[in-house]
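Novice: Have a look at this one.
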Amino acid sequence: NWSNQPPTVDSVTASPVRLFPEDTSELTCAASDPEGDPLAYTWSADAGAVTPGDPGAASFVAGAPGTPAPTCLVPASGGPTPPRPTPVP
């Protein structure tokens with residue numbers, strides 16, 4: 001009985017981490033898949049804007065003051081496993 005294992009997010013980094021509104025941070029999400037399936041990275045944020053770049057990379061522009069948490073999703077490509085969000089610290 002074959003079942004696809006979900007990818008594992010190994011690390012998520014932001015540089016810089018502390019931002020004021022309209023400041024930009026570069027994001028990196030590193031992940032691996034147990035079966036070696038190709039990875040697709042999806043970014044989202046509750047506040048501000050995320051612009052995807054190279055696989056696993058994005059730029060985040062902070063919105064209103066507060067604690068926005070950009071999220072990296074890495075869904076399993078070979079099966080129905082749902083995405084697993086990983087907030088950027």
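Lettering and numbering for the structure tokens are positional, with chains as A, B, ... in the shown order, residues counted from 1 in each chain, and ligands counted from 1 in the shown order.
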Need the shell around segment 49-54 of chain A: protein/DNA/RNA residues with any atom at most 12 Å away, counting only C-alpha atoms. Skip same-chain ones fewer than 2 positions apart. Format as a PyMOL selection string?
Specialist: chain A and resi 21-30+40-47+56-64+68-73
Novice: Go through chain A and collect every residue that DSSP, computed from the backbone, puts in strand (DSSP E or B); the answer should be as JSON, numbers by chain.
Specialist: {"A": [8, 9, 10, 11, 12, 13, 14, 15, 24, 25, 26, 27, 28, 29, 30, 31, 32, 42, 43, 44, 49, 50, 51, 52, 57, 58, 59, 60, 61, 71, 72, 73, 85, 86, 87]}
Novice: I'd like to know which of A:Pro65, A:Pro55, A:Gly48, A:Gly36 is closest to Pro6 of chain A, using only C-alpha atoms.
Specialist: A:Gly36
Novice: Nearest to Ser32 of chain A among A:Leu19, A:Thr8, A:Ala14, A:Ala76, with distances taken over only C-alpha atoms: which residue is it?
Specialist: A:Thr8
